[in-house]
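For reference, the structure discussed in these notes is given below.
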Amino acid sequence: MEYKTIIEPFRIHTVEAIDLPDLKQREAALKRSGYNLFGLRADEVIIDLLTDSGTGAMSAEQWAGMMRGDETYAGSRSFFRFEETVTSITGFDHVIPTHQGRAAEKILFSVAVESGDVVPNNTHFDTTRANVEYQGAEARDMVIPGGTDPATILPFKGNMDVEKLRATIQEVGVDRVPLVMITVTNNSGGGQPVSMANIRDVRSVCDEYGIPLFLDACRFAENAWFIKTREDGYADTTPREIAREMFSLVDGTTMSAKKDGLSNIGGFLAMNNARWAQEARNLLILTEGFPTYGGLAGYDLEAIAIGLNEVLDENYLRYRIRSTEYLATTINAGGMPIMLPAGGHAVYLDAAALLPHIPSYEYPAQSLAIELYRAGGVRGVEIGTVMFGRVDPHGGPDDPATMELVRLAIPRRTYTQSHIDYVAEVVIDVATRSEDLRGYRIIEQASWLRHFTARLEPL
Ligand SMILES: *Cc1c(COP(=O)(O)O)cnc(C)c1O
């Protein structure tokens, strides 16, 4: 008999206590932090879904590997184990470790991108966009139509609009497009996957014009699982084979090991172009470190090498994607409007749909995020007008963001089914009394990236 319950494919080996602040303590913490969840301390949060970046649990094998970490400055054994793993998964000739994904981006764009260039991407992650713009270039998002509509259900909602890519290259001229990027899964677009067929189509447009194609591969294993379960012809292919095929269609990759590296820190840049790789290594030495450690300890390289293999385990991926989907379908059935279908690493609550009585300039997604914390100690993150709105120079209401979302990102291998059930109970409770929620106003803010430090008060 095949039982249908999908269990966590691990048991707990080391535990970390969760504090259980009561309602009064949570309300006091909100007041102190100016109703900004970035101002909370870890011990004031019961379930922390702020991000899936670097917040996962490492395995016993990873911890054991760290003991073997070789801290030799140049040519450490740990580097060669790391390099061998990355090469075996991606097939790239040049592997350059970095301390995070954004360091790989900074170095790649310093080498490849010039002022006045245009970089197409299905959707730039915010650090990717910032690093393109820092070079004086323009970052253009071109996800397929429907990719930004919370209600549209598509199997590969992260796909790039291939016609728009072609039109962009023709409009700006091939000389001004130094590279094209595809982000898997599409983090800023709801963690939605990209199909192999789409990567292949983008590849052929790039080939037509002789433009290199790079993958922002932070969640490559989750994307491989979606391809296996949703795309024709891949049901009997392993996630490792699918990942290898994804990487074989591109010229290089930037990676944050804090996501599908199952590690708490790290990243890499990998590619086939020897000239770019040499320039990248020279820049690496300037800001990150010697090319055999790139800003990481030898033990970090060991943890990443082991994590990159563990993340491709089918039992892990089945559980990972199912647990995110389980949270999404449970709260949706309980009355919380969400972005559909569920993404790989997070569930996005649609605050605009839940709270039509709160206008964008009174921050409905912030109001929802605050109430989830106040009611149940669950910390998500506002992705709405506090984060992306523009301040009106004449003192009027803020120019709104395109969507009002609260992201609940699920750390890897960290929370159990009962934690997720608890989150669902809190979310559904808040959804049933949504009319009681009120807007907020900002009383203090910085002139950029205000969402990290702004102070608010309830209206
Ligand atoms: C996290 C992330 C990055 C940046 O990686 P860091 O390790 O946080 O610097 C880049 N792209 C995507 C899609 C990401 O999710």
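Chain identifiers are assigned as A, B, and so on, following the order in which chains appear in the structure tokens; residues are numbered from 1 within each chain, and ligands are numbered from 1 in order of appearance.
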Please produce, as a Markdown table, a per-residue contact table for chain A versus ligand 1 (criterion: any atom at most 6 Å away, only C-alpha atoms and all ligand atoms considered), showing the nearest atom pair and its distance in Å to one decimal, sorted by chain then residue number.
```
| residue | atom | partner | partner_atom_place_in_ligand_line | distance |
| --- | --- | --- | --- | --- |
| A:Gln100 | CA | ligand 1 | 7 (O) | 3.8 |
| A:Gly101 | CA | ligand 1 | 5 (O) | 3.5 |
| A:Arg102 | CA | ligand 1 | 9 (O) | 3.7 |
| A:Phe125 | CA | ligand 1 | 11 (N) | 4.9 |
| A:Thr127 | CA | ligand 1 | 4 (C) | 5.9 |
| A:Thr128 | CA | ligand 1 | 10 (C) | 5.9 |
| A:Thr183 | CA | ligand 1 | 13 (C) | 5.8 |
| A:Asn187 | CA | ligand 1 | 13 (C) | 5.1 |
| A:Asp216 | CA | ligand 1 | 11 (N) | 5.9 |
| A:Cys218 | CA | ligand 1 | 13 (C) | 5.5 |
| A:Ser256 | CA | ligand 1 | 7 (O) | 4.2 |
| A:Lys258 | CA | ligand 1 | 7 (O) | 5.7 |
```
Any chance you can output those residues with N, CA and C atoms as a short mmCIF file (atom, residue, chain, number, x, y, z; two decimals), in the first residue's frame?
```cif
data_model
loop_
_atom_site.label_atom_id
_atom_site.label_comp_id
_atom_site.auth_asym_id
_atom_site.auth_seq_id
_atom_site.Cartn_x
_atom_site.Cartn_y
_atom_site.Cartn_z
N GLN A 100 28.13 35.74 -1.21
CA GLN A 100 26.67 35.69 -1.38
C GLN A 100 26.38 35.80 -2.87
N GLY A 101 25.10 35.65 -3.22
CA GLY A 101 24.70 35.78 -4.62
C GLY A 101 24.98 37.16 -5.19
N ARG A 102 24.73 38.18 -4.39
CA ARG A 102 24.88 39.55 -4.90
C ARG A 102 26.33 39.88 -5.24
N PHE A 125 15.62 40.05 -9.53
CA PHE A 125 15.56 40.13 -8.07
C PHE A 125 16.10 41.51 -7.69
N THR A 127 18.43 42.72 -5.68
CA THR A 127 19.88 42.96 -5.71
C THR A 127 20.43 42.88 -7.14
N THR A 128 19.80 42.04 -7.96
CA THR A 128 20.23 41.91 -9.36
C THR A 128 19.96 43.21 -10.10
N THR A 183 15.69 34.05 -14.25
CA THR A 183 15.72 33.77 -12.82
C THR A 183 14.84 32.56 -12.52
N ASN A 187 11.72 34.57 -8.21
CA ASN A 187 11.51 34.98 -6.81
C ASN A 187 10.57 36.18 -6.71
N ASP A 216 20.05 33.01 -13.19
CA ASP A 216 20.08 33.32 -11.76
C ASP A 216 19.48 32.08 -11.11
N CYS A 218 19.36 30.64 -8.05
CA CYS A 218 19.18 30.51 -6.59
C CYS A 218 18.29 29.34 -6.19
N SER A 256 23.06 32.02 -5.20
CA SER A 256 23.14 32.25 -3.76
C SER A 256 23.00 30.91 -3.07
N LYS A 258 22.58 30.44 -0.12
CA LYS A 258 21.68 30.60 1.01
C LYS A 258 20.28 30.09 0.68
#
```
(message) Residues near stretch 331-334 of chain A, anyone? I mean within 6 Å using only C-alpha atoms, not counting same-chain ones fewer than 2 positions away, as a ChimeraX atom specification.
(response) /A:328-329,336-337,424,428
(message) When you look at stretch 49-51 of chain A with a cut-off of 8 Å (counting only C-alpha atoms), what residues show up, excluding the ones that are within fewer than 6 positions of it in the same chain? I need them as a PyMOL selection string.
(response) chain A and resi 378-381+407-411
Using the selection just defined, write its residues with all heavy atoms as a tab-separated table (two decimals), in the first residue's frame.
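Below is the file that was written, result-v4.tsv:
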```
chain	number	residue	atom	x	y	z
A	378	VAL	N	3.52	35.39	14.00
A	378	VAL	CA	4.04	34.94	12.72
A	378	VAL	C	4.60	36.15	11.98
A	378	VAL	O	3.89	37.13	11.75
A	378	VAL	CB	2.93	34.29	11.86
A	378	VAL	CG1	3.43	33.93	10.48
A	378	VAL	CG2	2.36	33.06	12.57
A	379	ARG	N	5.89	36.09	11.59
A	379	ARG	CA	6.49	37.22	10.88
A	379	ARG	C	6.63	36.91	9.39
A	379	ARG	O	7.34	36.01	8.99
A	379	ARG	CB	7.86	37.57	11.45
A	379	ARG	CG	8.58	38.63	10.60
A	379	ARG	CD	9.63	39.38	11.36
A	379	ARG	NE	10.80	38.56	11.69
A	379	ARG	CZ	11.92	39.07	12.23
A	379	ARG	NH1	12.01	40.37	12.47
A	379	ARG	NH2	12.93	38.29	12.51
A	380	GLY	N	5.91	37.69	8.57
A	380	GLY	CA	6.11	37.65	7.11
A	380	GLY	C	6.74	38.98	6.71
A	380	GLY	O	7.25	39.72	7.56
A	381	VAL	N	6.68	39.28	5.42
A	381	VAL	CA	7.23	40.57	4.98
A	381	VAL	C	6.27	41.24	4.00
A	381	VAL	O	5.70	40.58	3.12
A	381	VAL	CB	8.64	40.41	4.38
A	381	VAL	CG1	8.62	39.56	3.11
A	381	VAL	CG2	9.28	41.76	4.09
A	407	ARG	N	4.50	38.27	1.92
A	407	ARG	CA	5.18	37.01	1.59
A	407	ARG	C	5.47	36.23	2.86
A	407	ARG	O	6.05	36.76	3.80
A	407	ARG	CB	6.49	37.28	0.85
A	407	ARG	CG	7.16	35.98	0.40
A	407	ARG	CD	8.51	36.23	-0.22
A	407	ARG	NE	9.50	36.57	0.81
A	407	ARG	CZ	10.78	36.83	0.56
A	407	ARG	NH1	11.23	36.81	-0.68
A	407	ARG	NH2	11.60	37.12	1.54
A	408	LEU	N	5.03	34.96	2.85
A	408	LEU	CA	5.41	34.03	3.91
A	408	LEU	C	6.41	33.07	3.28
A	408	LEU	O	6.04	32.17	2.53
A	408	LEU	CB	4.18	33.27	4.43
A	408	LEU	CG	3.00	34.12	4.95
A	408	LEU	CD1	1.86	33.21	5.40
A	408	LEU	CD2	3.43	35.04	6.09
A	409	ALA	N	7.71	33.29	3.54
A	409	ALA	CA	8.76	32.46	2.94
A	409	ALA	C	9.10	31.33	3.90
A	409	ALA	O	9.23	31.55	5.11
A	409	ALA	CB	10.00	33.30	2.65
A	410	ILE	N	9.23	30.12	3.38
A	410	ILE	CA	9.42	28.96	4.25
A	410	ILE	C	10.90	28.57	4.30
A	410	ILE	O	11.45	28.12	3.28
A	410	ILE	CB	8.60	27.73	3.73
A	410	ILE	CG1	7.22	28.15	3.19
A	410	ILE	CG2	8.50	26.67	4.82
A	410	ILE	CD1	6.23	28.58	4.21
A	411	PRO	N	11.54	28.72	5.45
A	411	PRO	CA	12.93	28.25	5.59
A	411	PRO	C	13.00	26.75	5.30
A	411	PRO	O	12.05	26.01	5.56
A	411	PRO	CB	13.26	28.56	7.05
A	411	PRO	CG	12.32	29.64	7.44
A	411	PRO	CD	11.06	29.35	6.69
```
(message) Please extract the residues of stretch 72-142 of chain A with a backbone DSSP assignment of strand (DSSP E) and present them as a count of residues only.
(response) 13
(request) Choose the residue, out of A:Ile321, A:Val406, A:Leu368, A:Leu296, that has the smallest atom-to-atom separation from A:Leu349; count only C-alpha atoms. (result)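 For A:Leu349, the nearest of the candidates is A:Val406.
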(message) Which residues are close to stretch 355-360 of chain A, i.e. within 7 Å by only C-alpha atoms, leaving aside same-chain residues fewer than 4 positions away? Reply as an NGL selection string.
(response) :A and (351 or 364 or 385 or 400 or 434 or 438-439)
(request) Compile the contact shell of A:Gly116 as a ChimeraX atom specification: residues with an atom at most 7 Å away, counting only C-alpha atoms, same-chain residues fewer than 2 positions apart removed. (result) /A:114,118,136-137
(message) Which of stretch 225-354 of chain A end up as helix (DSSP H, G or I) when DSSP is run on this backbone - answer as a PyMOL selection string?
(response) chain A and resi 225-230+239-248+274-287+298-310+314-333+351-354
(message) I'd like to know which of A:Gly75, A:Ala342, A:Glu314, A:Gly56 is closest to A:Pro193, using only C-alpha atoms.
(response)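 Once distances to A:Pro193 are computed over only C-alpha atoms, the minimum belongs to A:Ala342.
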(request) Write out as a list in words which residues come within 12 Å of A:Val391 when counting only C-alpha atoms, dropping same-chain ones fewer than 2 positions away. (result)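 So, after excluding close chain neighbours, the residues are Tyr361, Thr385, Val386, Met387, Phe388, Gly389, Pro393, His394, Gly395, Gly396, Pro397, Asp398, Asp399, Pro400, Ala401, Ile442, Gln445, Ala446, Ser447, Trp448, Leu449 and Arg450 of chain A.
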Could the residues in this selection be written to a file with N, CA, C and O atoms, as a compact mmCIF listing (two decimals), in the first residue's frame?
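Result went into selection.txt, see below:
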```
# COMPACT_ATOMS: atom_id res chain seq x y z
N TYR A 361 -2.31 53.82 -0.01
CA TYR A 361 -1.49 54.78 0.73
C TYR A 361 -1.66 54.67 2.25
O TYR A 361 -1.02 55.38 3.00
N THR A 385 3.21 48.80 -0.91
CA THR A 385 3.53 50.23 -1.06
C THR A 385 4.58 50.72 -0.06
O THR A 385 5.31 51.65 -0.37
N VAL A 386 4.70 50.07 1.12
CA VAL A 386 5.79 50.49 2.01
C VAL A 386 7.12 50.18 1.33
O VAL A 386 8.04 51.01 1.31
N MET A 387 7.22 48.99 0.68
CA MET A 387 8.48 48.60 0.05
C MET A 387 8.72 49.31 -1.28
O MET A 387 9.81 49.76 -1.55
N PHE A 388 7.69 49.38 -2.12
CA PHE A 388 7.90 49.84 -3.50
C PHE A 388 7.19 51.13 -3.88
O PHE A 388 7.35 51.62 -4.99
N GLY A 389 6.36 51.69 -2.96
CA GLY A 389 5.64 52.91 -3.30
C GLY A 389 6.59 54.11 -3.40
O GLY A 389 7.69 54.07 -2.87
N PRO A 393 6.31 64.09 -3.92
CA PRO A 393 7.14 65.25 -3.53
C PRO A 393 6.31 66.42 -3.01
O PRO A 393 6.82 67.29 -2.30
N HIS A 394 5.00 66.46 -3.35
CA HIS A 394 4.16 67.57 -2.91
C HIS A 394 3.38 67.25 -1.64
O HIS A 394 2.45 67.96 -1.28
N GLY A 395 3.73 66.13 -0.99
CA GLY A 395 3.10 65.81 0.29
C GLY A 395 1.77 65.08 0.16
O GLY A 395 1.09 64.87 1.16
N GLY A 396 1.40 64.69 -1.04
CA GLY A 396 0.16 63.93 -1.23
C GLY A 396 0.38 62.46 -0.88
O GLY A 396 1.45 62.09 -0.39
N PRO A 397 -0.65 61.61 -1.13
CA PRO A 397 -0.49 60.19 -0.82
C PRO A 397 0.59 59.54 -1.71
O PRO A 397 0.84 60.01 -2.82
N ASP A 398 1.21 58.46 -1.20
CA ASP A 398 2.23 57.75 -1.95
C ASP A 398 1.68 57.21 -3.26
O ASP A 398 0.53 56.78 -3.33
N ASP A 399 2.54 57.18 -4.27
CA ASP A 399 2.25 56.49 -5.52
C ASP A 399 2.28 54.99 -5.19
O ASP A 399 3.25 54.50 -4.62
N PRO A 400 1.21 54.22 -5.51
CA PRO A 400 1.13 52.84 -5.01
C PRO A 400 2.05 51.87 -5.76
O PRO A 400 2.44 52.10 -6.90
N ALA A 401 2.38 50.74 -5.08
CA ALA A 401 3.05 49.62 -5.73
C ALA A 401 2.03 48.90 -6.62
O ALA A 401 0.82 49.09 -6.47
N ILE A 442 3.00 56.41 7.86
CA ILE A 442 4.44 56.43 8.15
C ILE A 442 4.76 57.73 8.86
O ILE A 442 4.37 58.81 8.41
N GLN A 445 10.83 58.05 7.92
CA GLN A 445 11.33 57.18 6.85
C GLN A 445 12.63 57.70 6.25
O GLN A 445 12.90 58.90 6.24
N ALA A 446 13.43 56.75 5.75
CA ALA A 446 14.67 57.09 5.05
C ALA A 446 14.34 57.40 3.59
O ALA A 446 13.26 57.07 3.11
N SER A 447 15.27 58.02 2.87
CA SER A 447 14.95 58.39 1.48
C SER A 447 15.14 57.24 0.51
O SER A 447 14.74 57.34 -0.64
N TRP A 448 15.77 56.16 0.90
CA TRP A 448 15.74 54.97 0.05
C TRP A 448 15.64 53.71 0.92
O TRP A 448 15.98 53.73 2.09
N LEU A 449 15.13 52.62 0.33
CA LEU A 449 14.92 51.36 1.05
C LEU A 449 14.25 51.60 2.41
O LEU A 449 14.66 51.08 3.44
N ARG A 450 13.18 52.42 2.38
CA ARG A 450 12.56 52.85 3.62
C ARG A 450 11.94 51.72 4.43
O ARG A 450 11.78 51.83 5.65
```
(request) With a distance cut-off of 7 Å and only C-alpha atoms, select the neighbouring residues of stretch 2-14 of chain A, excluding the residue or stretch itself and same-chain residues fewer than 4 positions from it, and output the selection as an MDAnalysis selection string. (result) chainID A and resid 315:316 319
Resulting file, chosen residues, N, CA, C and O atoms, as a CSV table (one decimal), in the first residue's frame:
```
chain,number,residue,atom,x,y,z
A,315,ASN,N,13.2,13.0,-2.5
A,315,ASN,CA,12.3,13.0,-1.3
A,315,ASN,C,12.3,14.3,-0.6
A,315,ASN,O,11.2,14.8,-0.2
A,316,TYR,N,13.4,15.0,-0.6
A,316,TYR,CA,13.5,16.4,-0.1
A,316,TYR,C,12.6,17.3,-0.9
A,316,TYR,O,11.8,18.1,-0.4
A,319,TYR,N,8.8,16.8,-0.6
A,319,TYR,CA,8.3,17.3,0.7
A,319,TYR,C,8.4,18.9,0.6
A,319,TYR,O,7.4,19.5,1.1
```
(request) Could you tell me how far atom CA of A:Glu231 lies from atom CA of A:His124, in Å and to one decimal? (result)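 Computing the Euclidean distance for atom CA of A:Glu231 and atom CA of A:His124 yields 23.9 Å.
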(request) Please indicate the distance in Å from atom CA of A:Pro150 to atom CA of A:Leu340, rounded to one decimal place. (result)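 Separation of atom CA of A:Pro150 and atom CA of A:Leu340: 5.8 Å.
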(message) Which residue is closest to A:Arg68? Choose from A:Met339, A:Ile306, A:Met255, A:Leu372 and count only C-alpha atoms.
(response)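 Smallest distance to A:Arg68 is found for A:Ile306.
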